Amino acid sequence: MNGSDMKLLRTLLVDDNQAFLALSKHLLAPMPSVEVIGFGYDGFDAVRLAEELHPDLIIMDLVMPGMGGLQATRLIKAQERAPQIVIASYYDDAEHREHAAAAGADGFVGKNAYEAQISQFLAANLNR
Amino acid sequence: MSESRVLIIDGDAERSAAHAAILQFIDYRPVEVASATDIVFSDHRPQDWIAVIVGSEADFDRLKRFVDWLKRDRYHPPLLVLQPYFDRAVEHFGLDESALLPLEAPVKYTQLNELLRRAGLLRMDREAASVRRSGPTGNSAAMRRVRQMIAQVAPFDSTVLVTGESGTGKEVAARAIHDQSARREHPFVAVNCGAIPSELLESELFGHEKGAFTGAITARKGRFEMADGGTLFLDEIGDMALSMQVKILRVLQERTFERVGGTRSQRCDVRIIAATHRNLEEAIIKGSFREDLYYRLNVFPIEMPPLRERLEDLPLLMDDLTKAMERNGHGQARLLPDAIHALRAYHWPGNVRELSNLFERLAVLHPGREVGAAELPRQYRGALAAAPVAPVVMPMPISRDEPRGGANPAAELGALQASRVASLSELPPEGMNLKDHIEAIEMTLIRQALEKSDGVVAHAAKLLNTRRTTLVEKLRKYGLSRDLGDEDVAAEAESERVSRLRNN
């Protein structure tokens with residue numbers, strides 16, 4: 001696949017921890033298929049920005065104050081042309097992955113292996 | 001990487017600081033107070049914290065009042081109570097054991113991390129339970145058939161395969177089978193085979209022995225053991241790797257399994273219900289699903305109908321969802337008639353889950369307000385949103401369940417929709433949903449034919465040059481049978497049957 005065939009994923013990052021947002025942006029920056037178009041700090045931001053920016057992909061923290069990642073996922077999935085949503089969590093185990101899937105998330109990445117797992121997700125989903 | 005806030009109530013400042021340091025180390029955000037008196041209830045909500053660590057408290061009554069305030073929120077965080085105070089907490093706080101966890105002093109990182117992981121899961125389990133549907137809802141023929149099949153198979157231990165599109169309620173059906181079976185007092189354990197990476201799934205299903213692999217620091221039960229005596233629901237089994245399918249087949253045949261890293265065979269007394277949204281027969285042809293496993297699972301198949309084929313159930317489902325939202329403190333989503341009509345014309349690719357998500361969205365974004373069609377997300381407005389052209393009002397029938405006299409938003413919307421549908425002959429620049437559009441045209445013409453024939457289906461069918469039974473089916477499909485009254489549609493169907501018998 002050459003560069004012109006590659007779909008650019010307009011990506012929204014949502015996390016209540018600004019340091020993680022900065023780290024995430026830094027890790028995604030070298031990936032030619034990803035363009036970070038915005039940041040949100042809780043689930044409410046995620047719902048609002050998903051409507052305003054129409055991202056292709058949202059990478060979102062699981063537990064945030066106010067509205068968490070699972071509820072935000074359910075609400076975003078009820079909007080038109082819902083983006084793909086990847087839940088990122090410090091706890092990477094079967095139960096957390098199942099909760100994310102039940103809420104309608106398209107993927108799950110452990111924050112401890114963030115770079116490897118998000119790359120894996122992107123490689124598997126770029127042409128969907 | 002802070003996940004969330006943890007409240008520490010401890011009169012021992014040194015110990016409190018030590019706990020805060022551990023929490024920061026494991027990426028939580030500690031909030032320290034010396035006493036529950038420092039917490040002003042009106043400034044907080046119980047869900048502001050993922051967990052509350054309780055050390056010592058000089059004013060125990062105040063602490064109890066704080067716990068009572070927490071308990072008013074059904075999703076309140078659990079209390080992690082230091083061991084010397086734990087027994088007193090059990091005695092006085094009236095919390096169940098999932099919400100009151102003992103913390104051993106001195107607190108270790110691994111213990112606290114595991115307790116907080118459990119606290120987070122507890123909150124997610126409660127939230128998931130609050131959005132989970134109570135039972136297959138609906139009075140359509142398709143849902144009556146599903147309920148009948150559930151009742152038929154529940155008393156036996158047969159393996160059941162539930163199929164259907166995503167969001168049709170396969171887990172709801174599985175839970176209903178369990179609840180109506182003799183195993184109802186034993187656990188119902190669900191596992192989503194599609195959500196767990198294949199390398200973890202074996203350990204998750206069968207458990208593991210200590211040291212079985214890196215990270216297996218203790219022995220752990222798998223879901224087969226957890227479900228002992230009850231039901232194991234294997235969701236999305238069509239996504240399971242072939243290597244795991246062999247292992248499941250063996251359990252189904254021999255009713256035994258071994259933990260990962262173990263040598264002892266364990267008997268299991270578990271009823272299996274499997275589900276998938278995939279076409280397993282196609283998967284067999286492609287070689288991604290084992291034929292022998294398919295026949296083992298497909299002993300009693302139940303197919304969940306998509307929502308678009310039972311739109312007459314929408315009012316009941318909406319009513320159920322509204323009550324569930326209210327009961328669970330999620331707020332309320334009250335729809336105006338024009339919004340209800342717009343939803344009836346939608347094709348619901350995400351089925352009941354999509355409807356539930358939409359209701360949660362409306363309750364959160366429009367709390368306590370009545371929601372009209374214009375406030376629905378764009379795709380639910382159908383042809384109305386797809387064709388931004390000038391409206392030309394056309395006469396439309398007034399449905400029987402809408403108020404007569406004065407403004408009738410549903411009829412107005414119908415007229416608007418009719419005019420827009422009628423005038424859309426060019427593809428809009430942003431594209432459109434062809435299926436929605438064609439259905440909207442069909443629905444509009446059917447409404448007009450019914451209006452012209454004073455609601456007599458046979459006459460309307462003649463105007464549309466279609467069979468009466470075909471029209472009756474379409475009325476059901478679009479939820480218009482309620483406008484006529486279900487008894488009228490049933491009478492039409494009966495009249496058709498009698499006329500066919502006479503002709504024979």
# chains A, B, ... in the order shown; residues from 1 in each chain; ligands from 1
>>> interface_residues(of="chain A", to="chain B", cutoff="10 Å", atoms="only C-alpha atoms", output="JSON list (two decimals) with C-alpha atoms, in the first residue's frame")
[["chain", "number", "residue", "atom", "x", "y", "z"],
["A", 15, "ASP", "CA", -8.18, 11.06, 29.13],
["A", 16, "ASP", "CA", -8.43, 12.91, 32.44],
["A", 17, "ASN", "CA", -4.68, 12.72, 32.73],
["A", 18, "GLN", "CA", -2.98, 15.38, 30.64],
["A", 19, "ALA", "CA", 0.39, 13.69, 30.91],
["A", 20, "PHE", "CA", -1.04, 10.58, 29.29],
["A", 21, "LEU", "CA", -2.62, 12.66, 26.53],
["A", 23, "LEU", "CA", 2.47, 10.85, 25.84],
["A", 44, "PHE", "CA", -18.81, 14.57, 28.24],
["A", 47, "VAL", "CA", -19.51, 12.94, 23.29],
["A", 48, "ARG", "CA", -19.42, 16.63, 22.37],
["A", 51, "GLU", "CA", -20.22, 15.33, 17.19],
["A", 61, "ASP", "CA", -9.55, 6.30, 29.00],
["A", 62, "LEU", "CA", -11.82, 3.88, 30.86],
["A", 63, "VAL", "CA", -12.33, 5.64, 34.20],
["A", 64, "MET", "CA", -12.74, 9.39, 34.20],
["A", 65, "PRO", "CA", -14.54, 11.76, 36.58],
["A", 66, "GLY", "CA", -18.11, 12.68, 35.65],
["A", 67, "MET", "CA", -18.63, 10.36, 32.74],
["A", 68, "GLY", "CA", -16.36, 7.39, 32.15],
["A", 70, "LEU", "CA", -17.86, 3.06, 28.83],
["A", 71, "GLN", "CA", -20.88, 5.34, 29.15],
["A", 72, "ALA", "CA", -19.34, 7.76, 26.65],
["A", 73, "THR", "CA", -18.83, 4.86, 24.24],
["A", 74, "ARG", "CA", -22.51, 3.89, 24.46],
["A", 75, "LEU", "CA", -23.62, 7.48, 23.86],
["A", 76, "ILE", "CA", -21.22, 8.05, 20.97],
["A", 77, "LYS", "CA", -22.23, 4.80, 19.31],
["A", 78, "ALA", "CA", -25.80, 6.21, 19.13],
["A", 79, "GLN", "CA", -24.72, 9.10, 16.95],
["A", 80, "GLU", "CA", -24.53, 9.25, 13.19],
["A", 81, "ARG", "CA", -21.42, 7.78, 11.55],
["A", 89, "SER", "CA", -6.88, 1.21, 30.59],
["A", 90, "TYR", "CA", -4.18, 0.63, 33.10],
["A", 91, "TYR", "CA", -5.87, -2.69, 33.92],
["A", 93, "ASP", "CA", -7.50, -8.20, 31.88],
["A", 94, "ALA", "CA", -10.38, -10.27, 30.54],
["A", 95, "GLU", "CA", -13.06, -8.56, 32.66],
["A", 96, "HIS", "CA", -12.06, -5.04, 31.64],
["A", 97, "ARG", "CA", -11.87, -6.08, 27.97],
["A", 98, "GLU", "CA", -15.32, -7.68, 28.19],
["A", 99, "HIS", "CA", -16.85, -4.55, 29.72],
["A", 100, "ALA", "CA", -15.36, -2.45, 26.92],
["A", 101, "ALA", "CA", -16.71, -4.82, 24.27],
["A", 102, "ALA", "CA", -20.15, -4.86, 25.90],
["A", 103, "ALA", "CA", -20.27, -1.06, 25.78],
["A", 104, "GLY", "CA", -19.61, -1.26, 22.03],
["A", 105, "ALA", "CA", -15.90, -0.41, 21.92],
["A", 106, "ASP", "CA", -14.06, -1.65, 18.84],
["A", 107, "GLY", "CA", -10.81, -2.28, 20.64],
["A", 108, "PHE", "CA", -9.00, -2.27, 23.96],
["A", 111, "LYS", "CA", -1.76, 1.45, 28.96],
["A", 112, "ASN", "CA", 1.30, -0.53, 30.05]]
>>> residues_around(residues="Ile118 of chain A", least_positions_apart="4", cutoff="8 Å", atoms="only C-alpha atoms", output="PyMOL selection string")
chain A and resi 109+114+122
>>> write_last_selection(atoms="C-alpha atoms", output="compact mmCIF listing (two decimals), in the first residue's frame")
# COMPACT_ATOMS: atom_id res chain seq x y z
CA VAL A 109 -5.40 -1.41 24.75
CA TYR A 114 0.12 1.19 24.80
CA LEU A 122 -4.27 0.33 13.78
>>> residues_around(residues="Arg74 of chain B", least_positions_apart="5", cutoff="10 Å", atoms="only C-alpha atoms", output="JSON, numbers by chain")
{"B": [46, 47, 123, 126, 127, 328, 329]}
>>> select_by_dssp(residues="segment 1-112 of chain A", states="alpha helix (DSSP H)", output="ChimeraX atom specification")
/A:18-28,43-53,69-76,94-103
>>> write_last_selection(atoms="N, CA and C atoms", output="CSV table (one decimal), in the first residue's frame")
chain,number,residue,atom,x,y,z
A,18,GLN,N,-3.6,14.6,31.8
A,18,GLN,CA,-3.0,15.4,30.6
A,18,GLN,C,-1.6,14.8,30.2
A,19,ALA,N,-0.9,14.3,31.2
A,19,ALA,CA,0.4,13.7,30.9
A,19,ALA,C,0.2,12.5,30.0
A,20,PHE,N,-0.8,11.7,30.2
A,20,PHE,CA,-1.0,10.6,29.3
A,20,PHE,C,-1.4,11.1,27.9
A,21,LEU,N,-2.2,12.1,27.8
A,21,LEU,CA,-2.6,12.7,26.5
A,21,LEU,C,-1.4,13.1,25.7
A,22,ALA,N,-0.5,13.8,26.5
A,22,ALA,CA,0.8,14.2,25.8
A,22,ALA,C,1.6,13.0,25.3
A,23,LEU,N,1.7,12.0,26.2
A,23,LEU,CA,2.5,10.8,25.8
A,23,LEU,C,1.8,10.1,24.6
A,24,SER,N,0.5,10.0,24.7
A,24,SER,CA,-0.2,9.4,23.6
A,24,SER,C,0.0,10.1,22.3
A,25,LYS,N,-0.1,11.4,22.3
A,25,LYS,CA,0.1,12.2,21.1
A,25,LYS,C,1.6,12.0,20.6
A,26,HIS,N,2.5,12.0,21.5
A,26,HIS,CA,3.9,11.8,21.1
A,26,HIS,C,4.1,10.4,20.4
A,27,LEU,N,3.5,9.4,21.0
A,27,LEU,CA,3.6,8.0,20.4
A,27,LEU,C,2.9,7.9,19.1
A,28,LEU,N,1.8,8.6,18.9
A,28,LEU,CA,1.1,8.5,17.7
A,28,LEU,C,1.7,9.4,16.5
A,43,GLY,N,-15.8,12.0,29.7
A,43,GLY,CA,-16.7,11.4,28.7
A,43,GLY,C,-17.6,12.5,28.1
A,44,PHE,N,-18.0,13.5,28.8
A,44,PHE,CA,-18.8,14.6,28.2
A,44,PHE,C,-18.1,15.2,27.1
A,45,ASP,N,-16.8,15.5,27.3
A,45,ASP,CA,-16.0,16.1,26.2
A,45,ASP,C,-16.0,15.1,25.0
A,46,ALA,N,-15.9,13.9,25.3
A,46,ALA,CA,-15.8,12.9,24.2
A,46,ALA,C,-17.1,12.9,23.3
A,47,VAL,N,-18.2,12.9,24.0
A,47,VAL,CA,-19.5,12.9,23.3
A,47,VAL,C,-19.6,14.2,22.4
A,48,ARG,N,-19.3,15.3,23.1
A,48,ARG,CA,-19.4,16.6,22.4
A,48,ARG,C,-18.5,16.7,21.2
A,49,LEU,N,-17.2,16.4,21.4
A,49,LEU,CA,-16.2,16.5,20.4
A,49,LEU,C,-16.4,15.5,19.2
A,50,ALA,N,-17.0,14.3,19.6
A,50,ALA,CA,-17.3,13.3,18.6
A,50,ALA,C,-18.3,13.9,17.6
A,51,GLU,N,-19.2,14.7,18.1
A,51,GLU,CA,-20.2,15.3,17.2
A,51,GLU,C,-19.6,16.5,16.4
A,52,GLU,N,-18.8,17.3,17.1
A,52,GLU,CA,-18.3,18.5,16.4
A,52,GLU,C,-17.2,18.2,15.4
A,53,LEU,N,-16.3,17.2,15.8
A,53,LEU,CA,-15.1,17.0,14.9
A,53,LEU,C,-15.3,15.8,14.0
A,69,GLY,N,-15.4,6.2,30.3
A,69,GLY,CA,-15.2,5.8,28.9
A,69,GLY,C,-16.3,4.9,28.4
A,70,LEU,N,-16.9,4.0,29.3
A,70,LEU,CA,-17.9,3.1,28.8
A,70,LEU,C,-19.2,3.8,28.5
A,71,GLN,N,-19.6,4.6,29.4
A,71,GLN,CA,-20.9,5.3,29.2
A,71,GLN,C,-20.7,6.2,27.9
A,72,ALA,N,-19.6,6.9,27.8
A,72,ALA,CA,-19.3,7.8,26.6
A,72,ALA,C,-19.4,6.9,25.4
A,73,THR,N,-18.8,5.7,25.4
A,73,THR,CA,-18.8,4.9,24.2
A,73,THR,C,-20.3,4.6,23.8
A,74,ARG,N,-21.1,4.2,24.8
A,74,ARG,CA,-22.5,3.9,24.5
A,74,ARG,C,-23.2,5.1,23.8
A,75,LEU,N,-22.9,6.3,24.4
A,75,LEU,CA,-23.6,7.5,23.9
A,75,LEU,C,-23.1,7.8,22.5
A,76,ILE,N,-21.8,7.7,22.3
A,76,ILE,CA,-21.2,8.0,21.0
A,76,ILE,C,-21.7,7.1,19.9
A,94,ALA,N,-9.2,-9.8,31.3
A,94,ALA,CA,-10.4,-10.3,30.5
A,94,ALA,C,-11.6,-9.5,30.9
A,95,GLU,N,-11.8,-9.2,32.2
A,95,GLU,CA,-13.1,-8.6,32.7
A,95,GLU,C,-13.2,-7.1,32.1
A,96,HIS,N,-12.0,-6.4,32.2
A,96,HIS,CA,-12.1,-5.0,31.6
A,96,HIS,C,-12.3,-5.0,30.1
A,97,ARG,N,-11.7,-6.0,29.4
A,97,ARG,CA,-11.9,-6.1,28.0
A,97,ARG,C,-13.3,-6.4,27.6
A,98,GLU,N,-13.9,-7.3,28.5
A,98,GLU,CA,-15.3,-7.7,28.2
A,98,GLU,C,-16.3,-6.5,28.4
A,99,HIS,N,-16.0,-5.7,29.5
A,99,HIS,CA,-16.8,-4.5,29.7
A,99,HIS,C,-16.8,-3.6,28.6
A,100,ALA,N,-15.5,-3.4,28.0
A,100,ALA,CA,-15.4,-2.5,26.9
A,100,ALA,C,-16.1,-3.0,25.7
A,101,ALA,N,-16.0,-4.3,25.4
A,101,ALA,CA,-16.7,-4.8,24.3
A,101,ALA,C,-18.2,-4.7,24.4
A,102,ALA,N,-18.7,-4.9,25.7
A,102,ALA,CA,-20.1,-4.9,25.9
A,102,ALA,C,-20.7,-3.4,25.7
A,103,ALA,N,-19.8,-2.5,26.0
A,103,ALA,CA,-20.3,-1.1,25.8
A,103,ALA,C,-20.3,-0.7,24.3
